[in-house]
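K.L.:
Structure below; questions to follow.
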Amino acid sequence: MVRTRIAPSPTGFAHIGTIYQVLFDYAYAKKNKGAFILRLEDTDRARFVEGAEEVVYDALDWFGLTEDESPRKPGKFGPYRQSERLELYKKYAQELVTKGHAYYCICTKERLDEVRTRQQKEGTPPKYDKHCLTIQEEVKEAVSKGASHVIRLNVPSGQDIVCHDEIRGDIVFSSDILDDQVLMKSDGFPTYHLAVVVDDHLMKISHVVRGEEWIPSMPKHVLLYQFFGWEIPHFYHTALLRNPDKSKLAKRHGHTSVSWYKEQGFLPEAILNFLAHMGWSHPEEKEVFSLDEFISVLELRDMRAAGPIFDLAKLEWMNGEYIRLMSAELLADKLFDFYEGKYKRDFISKTIPLIQQRIKTLKEYDDYCSTLAEPPVGNLDLSSSFSLVSGATIEALSSLENWKADEIGATMQAVAEKAGVKNSDYFMDMRKAILGKKITPPLNESLELIGQPGTVSRLKNSEETTQ
RNA sequence: GGUCCCAUCGUCUAGUGGCCUAGGACACCGGGCUUUCAUCCCGGCAACACGGGUUCGACUCCCGUUGGGAUCACCA
């Protein structure tokens, strides 16, 4: 049984990099008829944020990557919030202490800082000096009397720890560089390292897909698995998404928030398709493919280890592809929802044929259609020849009987010809006079949509403002 | 700095020793279509970081150099 998981800490922020992990977790689980689990790593009370869980759920739902088990969808392996599993961690930490693989520590922050600065001066790796281990009986007595304490991992010296990554192969670490990591904090909460190992084991996680920033702490996890005598899941450390300057995709450089992509009018399907190209490629080198197809051809071990740069230009292209491939009906629905009532559903439907080949994001709809819905305001930047043809155009259009795009076009063309004005100049002026922009949807169809009275009144207004 | 990871066009990538004069996509630059902008079609520019090996033969294997990245908390 394949069971994958995503284990975000609820910070009130949905990171696009998390979705990247989820995509592979979800797809691999589905491919193997397994389960995709969402576990909340809320062990850091200092970072608790109200409503943060919903942010995670909303993001998963928006992308259609809904989990099989989670706090909101309890399965057999709950609870799915680490804060509700405290007794479990305590029990397993005790087990390690009993076996001698962990020990109590009552060192103060001051002493820890002192040790660290001394090591920095000496140029030795900064790690705990096992002071409390040497006086463990004393420490235990203090703990039993209620002294504030943590539990540390007792890292053996002189051992090679082999960490197997399915993408890179074996990575060997010397245990001598490892710190006696805190397992249980003084507030009774576990640290990530203990919790992740205990939970992945108890929740029967078979494949772990996580970012490569976790590689340095993997030996600690392997050590824990060995101490507990548990089977180690398959690890896939994926390359980190990068900013154009190659640094880890982070808030201060690039756009990391799912909400940003949503606001920019990107479609979840397009984002997923784009993300699927990061570190992985379709076996037939296809560019555009559905989530279902991705699921059927995905092979996790084909992932590349090099860190890809997140290229917005390609995402935009991909998004445009999805918009063009979409049914008119669906696109209209998406636009209507995106603009939350700013545009009438009926108006949007009528504009679809005019803009579907033009917009790359839902947000660009505004650029084309805002002045189609409402007359433009401000400087129209018309050429001097406009005044020569405006009167005749108004007259011709006012008397047009069949207000259809091709008729409108023919009528205007006749005016231009009669006045001896170049088509391109004439129509550009009309475009600017009626729609207020140089870049617009096709003019004739736009005018049909605006209607005869609307068009004529817009022309009259433009005529006045230019005089 | 220590440890670890990584290295093909500007970007995403194909390539698992001969099929490579290195393929595709985005971007970019031309051209066609066209009353704007797009779509669409045609064409172009552009890469195996460097140095040693191994081999009859290296983009592909090994070592080193350089470069980039990650990580070194009672955060995850």
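As shown in the structure tokens, the chain order sets the letters A, B, ...; within each chain, residues go from 1, and ligands are also counted from 1 in the order they appear.
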From a DSSP calculation on the backbone, collect every residue of stretch 15-215 of chain A in strand (DSSP E or B) and output the set as number ranges by chain.
P.N.:
A: 15, 35-38, 40, 69-70, 73, 81, 102-105, 150-153, 160-165, 169-174, 182-184, 190, 207-211
K.L.:
What residues in chain B lie within 9 Å of chain A, counting only C-alpha atoms (C1' of nucleotides), written as a list in words?
P.N.:
G1, G2, U3, C4, C5, C6, A7, U11, C12, U13, A14, G24, A25, C26, A27, U35, U36, C37, A38, U39, G68, G69, A70, U71, C72, C74, C75 and A76 of chain B
K.L.:
Mind checking which residues fall within 12 Å of B:G51, counting only C-alpha atoms (C1' of nucleotides), ignoring those fewer than 6 positions away in the same chain, and posting them as a list in words?
P.N.:
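So, after excluding close chain neighbours, the residues are C63, G64, U65 and U66 of chain B.
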K.L.:
If we count only C-alpha atoms (C1' of nucleotides), what is near A:Glu395 at a cut-off of 10 Å, once residues fewer than 4 positions away on the same chain are taken out, given as a PDB file with N, CA, C and O atoms, in the first residue's frame?
P.N.:
ATOM      1  N   SER A 390     -14.802  61.818 -38.444  1.00  0.00           N
ATOM      2  CA  SER A 390     -15.705  61.487 -37.349  1.00  0.00           C
ATOM      3  C   SER A 390     -17.165  61.774 -37.722  1.00  0.00           C
ATOM      4  O   SER A 390     -18.046  60.945 -37.471  1.00  0.00           O
ATOM      5  N   GLY A 391     -17.403  62.924 -38.313  1.00  0.00           N
ATOM      6  CA  GLY A 391     -18.768  63.304 -38.662  1.00  0.00           C
ATOM      7  C   GLY A 391     -19.398  62.304 -39.613  1.00  0.00           C
ATOM      8  O   GLY A 391     -20.510  61.806 -39.386  1.00  0.00           O
ATOM      9  N   SER A 399     -27.233  55.617 -39.367  1.00  0.00           N
ATOM     10  CA  SER A 399     -28.285  55.218 -40.298  1.00  0.00           C
ATOM     11  C   SER A 399     -28.177  53.743 -40.710  1.00  0.00           C
ATOM     12  O   SER A 399     -28.951  53.260 -41.515  1.00  0.00           O
ATOM     13  N   LEU A 400     -27.200  53.040 -40.135  1.00  0.00           N
ATOM     14  CA  LEU A 400     -27.054  51.619 -40.465  1.00  0.00           C
ATOM     15  C   LEU A 400     -28.244  50.840 -39.912  1.00  0.00           C
ATOM     16  O   LEU A 400     -28.594  50.968 -38.739  1.00  0.00           O
ATOM     17  N   VAL A 415     -16.550  54.709 -45.438  1.00  0.00           N
ATOM     18  CA  VAL A 415     -16.289  56.085 -45.002  1.00  0.00           C
ATOM     19  C   VAL A 415     -14.806  56.412 -45.181  1.00  0.00           C
ATOM     20  O   VAL A 415     -14.451  57.477 -45.704  1.00  0.00           O
ATOM     21  N   VAL A 456     -22.518  55.238 -31.211  1.00  0.00           N
ATOM     22  CA  VAL A 456     -22.695  56.600 -31.710  1.00  0.00           C
ATOM     23  C   VAL A 456     -22.435  57.633 -30.614  1.00  0.00           C
ATOM     24  O   VAL A 456     -21.742  58.635 -30.829  1.00  0.00           O
TER      25      VAL A 456
END
K.L.:
Write out as a PyMOL selection string all residues of stretch 68-302 of chain A that DSSP puts in alpha helix (DSSP H) for this structure's backbone.
P.N.:
chain A and resi 86-99+109-122+131-134+136-144+192-202+218-228+258-263+268-276+291-297
K.L.:
Measure the distance from atom CA of A:Ala142 to atom CA of A:Lys220 in Å and round it to one decimal.
P.N.:
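About the pair atom CA of A:Ala142 and atom CA of A:Lys220: they are 27.3 Å apart.
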